[in-house]
Amino acid sequence: MLDLGCGPGVWALLLAPQVESWTGFDISPHFIQHAQQEAQKRRFTHLDFRVGSLFEVEPDKTFNLIVLGGVLGYLQEPQLGLLLQRVQGWLEPHGLVYVRVSLSPGIYPEMTFTRKYPTHYRKLKFYLDRFARAGFQVTCERDRAFSEAILATFYTAAARWLGRTGMTAYRNAQKLAPISFGWAQKLLDLTPLPQSMQFVLSKSL
């Protein structure tokens, strides 16, 4: 597994028991130090964390899974296309790429926030187009954890207030999910809050 922009090693440490090897790169020495210490503490000798930018990575092998967790929003468009081409070459024929990005929602245009590392909030169509150009097939699912967590809390609190059990809340949530989650998503689309999207990419046939 190859993890580009691995941060403090969250994915690697979580999935360590299921993988043969994991190589993570991040530009932050503090994140890499933390990941290395946690791996050593948990005796995960098959996890390898290194300091380096996305374009300093020169792996000498191919991978079954490549993780791009939140890094594409930091890249200018030419860099993004170049990285996707490189990832295409590092991926095994039947391998997968996991991507998480933050999008500009609904009616709002693309946004860029200038910080130490400028962050781009692009539209869904932009990423779908760039993935296709790089030779990937795309399956995607909106990350609704934010709205679902709020609604689940609401259902549970209402059930307890009425003297019901958590199972009652669960059943009510299942019945009302198509309506409540749908409306919650429409309301989120009207806000300027960036929305998280997750993709799974595979090589085009």
# chains A, B, ... in the order shown; residues from 1 in each chain; ligands from 1
$ residues_around --residues "A:Gly70" --least-positions-apart "4" --cutoff "10 Å" --atoms "only C-alpha atoms" --output "list of chain:residue names"
A:Leu4, A:Gly5, A:Cys6, A:Gly7, A:Tyr74, A:Val99, A:Arg100, A:Val101, A:Ser102, A:Ser196, A:Met197, A:Gln198
$ residues_around --residues "stretch 119-129 of chain A" --least-positions-apart "4" --cutoff "7 Å" --atoms "only C-alpha atoms" --output "compact mmCIF listing (two decimals) with C-alpha atoms, in the first residue's frame"
# COMPACT_ATOMS: atom_id res chain seq x y z
CA GLY A 73 -7.04 20.12 -3.01
CA TYR A 74 -3.55 21.49 -2.34
CA SER A 102 -13.39 18.58 -0.23
CA LEU A 103 -15.72 20.11 -2.82
CA SER A 104 -17.40 23.45 -3.35
CA GLU A 110 -14.93 26.95 -7.05
CA MET A 111 -13.12 28.54 -4.12
CA THR A 112 -9.46 28.96 -3.19
CA PHE A 113 -8.30 29.88 0.30
CA THR A 114 -4.81 31.35 0.46
CA ARG A 133 -8.38 11.86 -18.45
$ closest_residue --among "A:Ile66, A:Ile27, A:Ile107, A:Ala16" --to "A:Leu190" --atoms "only C-alpha atoms"
A:Ile107
$ atom_distance --atom1 "atom CA of A:Val51" --atom2 "atom CA of A:Val87"
18.3 Å
$ closest_residue --among "A:Asp3, A:Pro17, A:His34, A:Val10" --to "A:Ser53" --atoms "only C-alpha atoms"
A:Asp3
$ select_by_dssp --residues "chain A" --states "helix (DSSP H, G or I)" --output "JSON, numbers by chain"
{"A": [10, 11, 12, 13, 14, 15, 16, 17, 18, 29, 30, 31, 32, 33, 34, 35, 36, 37, 38, 39, 40, 41, 72, 73, 74, 77, 78, 79, 80, 81, 82, 83, 84, 85, 86, 87, 88, 89, 90, 124, 125, 126, 127, 128, 129, 130, 131, 132, 133, 145, 146, 147, 148, 149, 150, 151, 152, 153, 154, 155, 156, 157, 158, 159, 160, 161, 166, 167, 168, 169, 170, 171, 172, 173, 174, 175, 176, 177, 178, 179, 180, 181, 182, 183, 184, 185, 186, 187, 188, 189]}
$ write_last_selection --atoms "C-alpha atoms" --output "PDB file, in the first residue's frame"
ATOM      1  CA  VAL A  10      -4.130   7.245  10.697  1.00  0.00           C
ATOM      2  CA  TRP A  11      -5.022   4.906   7.810  1.00  0.00           C
ATOM      3  CA  ALA A  12      -1.856   2.848   8.113  1.00  0.00           C
ATOM      4  CA  LEU A  13      -2.218   2.278  11.849  1.00  0.00           C
ATOM      5  CA  LEU A  14      -5.881   1.365  11.446  1.00  0.00           C
ATOM      6  CA  LEU A  15      -5.371  -1.111   8.594  1.00  0.00           C
ATOM      7  CA  ALA A  16      -1.969  -2.473   9.660  1.00  0.00           C
ATOM      8  CA  PRO A  17      -3.277  -5.942  10.638  1.00  0.00           C
ATOM      9  CA  GLN A  18      -4.773  -6.401   7.144  1.00  0.00           C
ATOM     10  CA  PRO A  29       8.361  15.893   9.727  1.00  0.00           C
ATOM     11  CA  HIS A  30       6.153  16.156  12.835  1.00  0.00           C
ATOM     12  CA  PHE A  31       3.465  13.928  11.307  1.00  0.00           C
ATOM     13  CA  ILE A  32       6.041  11.380  10.158  1.00  0.00           C
ATOM     14  CA  GLN A  33       7.712  11.321  13.576  1.00  0.00           C
ATOM     15  CA  HIS A  34       4.350  10.701  15.241  1.00  0.00           C
ATOM     16  CA  ALA A  35       3.492   7.908  12.776  1.00  0.00           C
ATOM     17  CA  GLN A  36       6.877   6.246  13.281  1.00  0.00           C
ATOM     18  CA  GLN A  37       6.564   6.384  17.074  1.00  0.00           C
ATOM     19  CA  GLU A  38       3.042   4.922  17.007  1.00  0.00           C
ATOM     20  CA  ALA A  39       4.101   2.120  14.649  1.00  0.00           C
ATOM     21  CA  GLN A  40       7.055   1.280  16.880  1.00  0.00           C
ATOM     22  CA  LYS A  41       4.875   1.385  20.003  1.00  0.00           C
ATOM     23  CA  LEU A  72      -5.514  16.877  -4.275  1.00  0.00           C
ATOM     24  CA  GLY A  73      -7.041  20.117  -3.006  1.00  0.00           C
ATOM     25  CA  TYR A  74      -3.548  21.486  -2.341  1.00  0.00           C
ATOM     26  CA  GLU A  77      -4.280  21.874 -11.934  1.00  0.00           C
ATOM     27  CA  PRO A  78      -1.085  20.904 -13.874  1.00  0.00           C
ATOM     28  CA  GLN A  79       0.359  19.280 -10.734  1.00  0.00           C
ATOM     29  CA  LEU A  80      -2.870  17.378 -10.116  1.00  0.00           C
ATOM     30  CA  GLY A  81      -2.863  15.895 -13.610  1.00  0.00           C
ATOM     31  CA  LEU A  82       0.803  14.935 -13.310  1.00  0.00           C
ATOM     32  CA  LEU A  83       0.262  13.214  -9.965  1.00  0.00           C
ATOM     33  CA  LEU A  84      -2.684  11.203 -11.283  1.00  0.00           C
ATOM     34  CA  GLN A  85      -0.582  10.045 -14.237  1.00  0.00           C
ATOM     35  CA  ARG A  86       2.172   8.918 -11.882  1.00  0.00           C
ATOM     36  CA  VAL A  87      -0.329   7.119  -9.648  1.00  0.00           C
ATOM     37  CA  GLN A  88      -1.658   5.326 -12.738  1.00  0.00           C
ATOM     38  CA  GLY A  89       1.846   3.966 -13.359  1.00  0.00           C
ATOM     39  CA  TRP A  90       2.356   2.861  -9.727  1.00  0.00           C
ATOM     40  CA  LEU A 124     -17.408  17.381  -8.531  1.00  0.00           C
ATOM     41  CA  LYS A 125     -17.408  17.566 -12.333  1.00  0.00           C
ATOM     42  CA  PHE A 126     -13.805  18.803 -12.325  1.00  0.00           C
ATOM     43  CA  TYR A 127     -12.505  15.739 -10.479  1.00  0.00           C
ATOM     44  CA  LEU A 128     -14.576  13.276 -12.477  1.00  0.00           C
ATOM     45  CA  ASP A 129     -13.137  14.766 -15.674  1.00  0.00           C
ATOM     46  CA  ARG A 130      -9.536  14.670 -14.428  1.00  0.00           C
ATOM     47  CA  PHE A 131      -9.852  11.079 -13.236  1.00  0.00           C
ATOM     48  CA  ALA A 132     -11.205  10.017 -16.629  1.00  0.00           C
ATOM     49  CA  ARG A 133      -8.379  11.858 -18.450  1.00  0.00           C
ATOM     50  CA  ALA A 145     -21.276  11.280   7.887  1.00  0.00           C
ATOM     51  CA  PHE A 146     -21.918  14.862   9.025  1.00  0.00           C
ATOM     52  CA  SER A 147     -25.667  14.887   8.313  1.00  0.00           C
ATOM     53  CA  GLU A 148     -26.197  11.256   9.316  1.00  0.00           C
ATOM     54  CA  ALA A 149     -24.478  11.766  12.670  1.00  0.00           C
ATOM     55  CA  ILE A 150     -26.689  14.740  13.500  1.00  0.00           C
ATOM     56  CA  LEU A 151     -29.871  12.918  12.484  1.00  0.00           C
ATOM     57  CA  ALA A 152     -28.906   9.749  14.365  1.00  0.00           C
ATOM     58  CA  THR A 153     -28.363  11.834  17.495  1.00  0.00           C
ATOM     59  CA  PHE A 154     -31.735  13.510  16.991  1.00  0.00           C
ATOM     60  CA  TYR A 155     -33.567  10.186  16.595  1.00  0.00           C
ATOM     61  CA  THR A 156     -31.896   8.713  19.687  1.00  0.00           C
ATOM     62  CA  ALA A 157     -32.576  11.800  21.829  1.00  0.00           C
ATOM     63  CA  ALA A 158     -36.231  11.907  20.732  1.00  0.00           C
ATOM     64  CA  ALA A 159     -36.715   8.191  21.443  1.00  0.00           C
ATOM     65  CA  ARG A 160     -35.175   8.463  24.910  1.00  0.00           C
ATOM     66  CA  TRP A 161     -37.285  11.540  25.703  1.00  0.00           C
ATOM     67  CA  GLY A 166     -32.316   2.825  21.144  1.00  0.00           C
ATOM     68  CA  MET A 167     -33.739   0.087  18.902  1.00  0.00           C
ATOM     69  CA  THR A 168     -36.896   2.185  18.447  1.00  0.00           C
ATOM     70  CA  ALA A 169     -34.733   5.096  17.366  1.00  0.00           C
ATOM     71  CA  TYR A 170     -32.915   2.823  14.910  1.00  0.00           C
ATOM     72  CA  ARG A 171     -36.178   1.569  13.370  1.00  0.00           C
ATOM     73  CA  ASN A 172     -37.548   5.119  13.084  1.00  0.00           C
ATOM     74  CA  ALA A 173     -34.311   6.252  11.468  1.00  0.00           C
ATOM     75  CA  GLN A 174     -34.577   3.460   8.887  1.00  0.00           C
ATOM     76  CA  LYS A 175     -38.173   4.366   8.029  1.00  0.00           C
ATOM     77  CA  LEU A 176     -37.546   8.100   7.765  1.00  0.00           C
ATOM     78  CA  ALA A 177     -34.066   7.984   6.229  1.00  0.00           C
ATOM     79  CA  PRO A 178     -35.104   8.512   2.572  1.00  0.00           C
ATOM     80  CA  ILE A 179     -36.940  11.706   3.518  1.00  0.00           C
ATOM     81  CA  SER A 180     -34.814  13.117   6.317  1.00  0.00           C
ATOM     82  CA  PHE A 181     -31.400  12.371   4.807  1.00  0.00           C
ATOM     83  CA  GLY A 182     -32.561  13.664   1.434  1.00  0.00           C
ATOM     84  CA  TRP A 183     -33.733  16.969   2.893  1.00  0.00           C
ATOM     85  CA  ALA A 184     -30.635  17.265   5.055  1.00  0.00           C
ATOM     86  CA  GLN A 185     -28.440  16.891   1.962  1.00  0.00           C
ATOM     87  CA  LYS A 186     -30.432  19.523   0.068  1.00  0.00           C
ATOM     88  CA  LEU A 187     -30.029  21.939   2.982  1.00  0.00           C
ATOM     89  CA  LEU A 188     -26.285  21.259   3.097  1.00  0.00           C
ATOM     90  CA  ASP A 189     -26.067  22.004  -0.625  1.00  0.00           C
TER      91      ASP A 189
END
$ atom_distance --atom1 "atom CA of A:Pro118" --atom2 "atom CA of A:Thr139"
27.3 Å
$ closest_residue --among "A:Leu47, A:Leu54, A:Leu68, A:Ala134" --to "A:Val97" --atoms "only C-alpha atoms"
A:Leu68
$ closest_residue --among "A:Val19, A:Met1, A:Leu205, A:Cys140" --to "A:Asn64" --atoms "only C-alpha atoms"
A:Met1
$ atom_distance --atom1 "atom CA of A:Val67" --atom2 "atom CA of A:Leu96"
8.7 Å
$ select_by_dssp --residues "stretch 73-142 of chain A" --states "strand (DSSP E or B)" --output "ChimeraX atom specification"
/A:91-103,111-113,119-122,136-142
$ write_last_selection --atoms "N, CA and C atoms" --output "compact mmCIF listing (two decimals), in the first residue's frame"
# COMPACT_ATOMS: atom_id res chain seq x y z
N LEU A 91 0.17 1.82 -9.96
CA LEU A 91 -0.93 0.96 -9.53
C LEU A 91 -0.89 -0.39 -10.25
N GLU A 92 -1.09 -1.47 -9.50
CA GLU A 92 -1.22 -2.79 -10.08
C GLU A 92 -2.43 -2.83 -11.02
N PRO A 93 -2.44 -3.72 -12.02
CA PRO A 93 -3.55 -3.75 -12.99
C PRO A 93 -4.93 -3.82 -12.35
N HIS A 94 -5.07 -4.57 -11.27
CA HIS A 94 -6.38 -4.69 -10.62
C HIS A 94 -6.40 -3.95 -9.27
N GLY A 95 -5.49 -3.01 -9.10
CA GLY A 95 -5.43 -2.26 -7.86
C GLY A 95 -6.48 -1.15 -7.79
N LEU A 96 -6.55 -0.51 -6.63
CA LEU A 96 -7.53 0.54 -6.38
C LEU A 96 -6.84 1.78 -5.82
N VAL A 97 -7.45 2.93 -6.12
CA VAL A 97 -6.99 4.20 -5.55
C VAL A 97 -8.14 4.77 -4.72
N TYR A 98 -7.86 5.08 -3.46
CA TYR A 98 -8.85 5.74 -2.61
C TYR A 98 -8.53 7.23 -2.57
N VAL A 99 -9.54 8.05 -2.86
CA VAL A 99 -9.35 9.50 -2.89
C VAL A 99 -10.41 10.15 -2.01
N ARG A 100 -9.97 11.11 -1.19
CA ARG A 100 -10.92 11.95 -0.45
C ARG A 100 -10.58 13.41 -0.75
N VAL A 101 -11.61 14.18 -1.17
CA VAL A 101 -11.41 15.60 -1.46
C VAL A 101 -12.57 16.39 -0.86
N SER A 102 -12.33 17.67 -0.66
CA SER A 102 -13.39 18.58 -0.23
C SER A 102 -13.84 19.41 -1.43
N LEU A 103 -15.16 19.46 -1.64
CA LEU A 103 -15.72 20.11 -2.82
C LEU A 103 -16.43 21.40 -2.47
N MET A 111 -13.70 27.60 -5.07
CA MET A 111 -13.12 28.54 -4.12
C MET A 111 -11.68 28.16 -3.84
N THR A 112 -10.84 29.18 -3.60
CA THR A 112 -9.46 28.96 -3.19
C THR A 112 -9.17 29.81 -1.97
N PHE A 113 -8.68 29.17 -0.91
CA PHE A 113 -8.30 29.88 0.30
C PHE A 113 -6.78 29.94 0.37
N THR A 119 -5.53 26.20 -0.59
CA THR A 119 -6.45 25.07 -0.68
C THR A 119 -7.53 25.37 -1.70
N HIS A 120 -7.74 24.43 -2.64
CA HIS A 120 -8.72 24.60 -3.70
C HIS A 120 -9.94 23.73 -3.41
N TYR A 121 -11.12 24.36 -3.42
CA TYR A 121 -12.38 23.63 -3.29
C TYR A 121 -13.04 23.64 -4.66
N ARG A 122 -12.91 22.53 -5.38
CA ARG A 122 -13.38 22.45 -6.76
C ARG A 122 -14.74 21.77 -6.82
N PHE A 136 -8.74 6.49 -15.38
CA PHE A 136 -9.38 5.79 -14.26
C PHE A 136 -10.88 5.66 -14.47
N GLN A 137 -11.43 4.55 -14.01
CA GLN A 137 -12.87 4.41 -13.83
C GLN A 137 -13.21 4.86 -12.42
N VAL A 138 -14.37 5.46 -12.24
CA VAL A 138 -14.69 6.09 -10.97
C VAL A 138 -15.99 5.56 -10.39
N THR A 139 -15.91 5.19 -9.10
CA THR A 139 -17.14 5.00 -8.33
C THR A 139 -17.06 6.00 -7.19
N CYS A 140 -18.14 6.71 -6.92
CA CYS A 140 -18.07 7.74 -5.89
C CYS A 140 -19.34 7.76 -5.05
N GLU A 141 -19.17 8.20 -3.83
CA GLU A 141 -20.28 8.27 -2.89
C GLU A 141 -20.08 9.50 -2.03
N ARG A 142 -21.06 10.36 -1.96
CA ARG A 142 -20.97 11.53 -1.08
C ARG A 142 -20.78 11.08 0.35
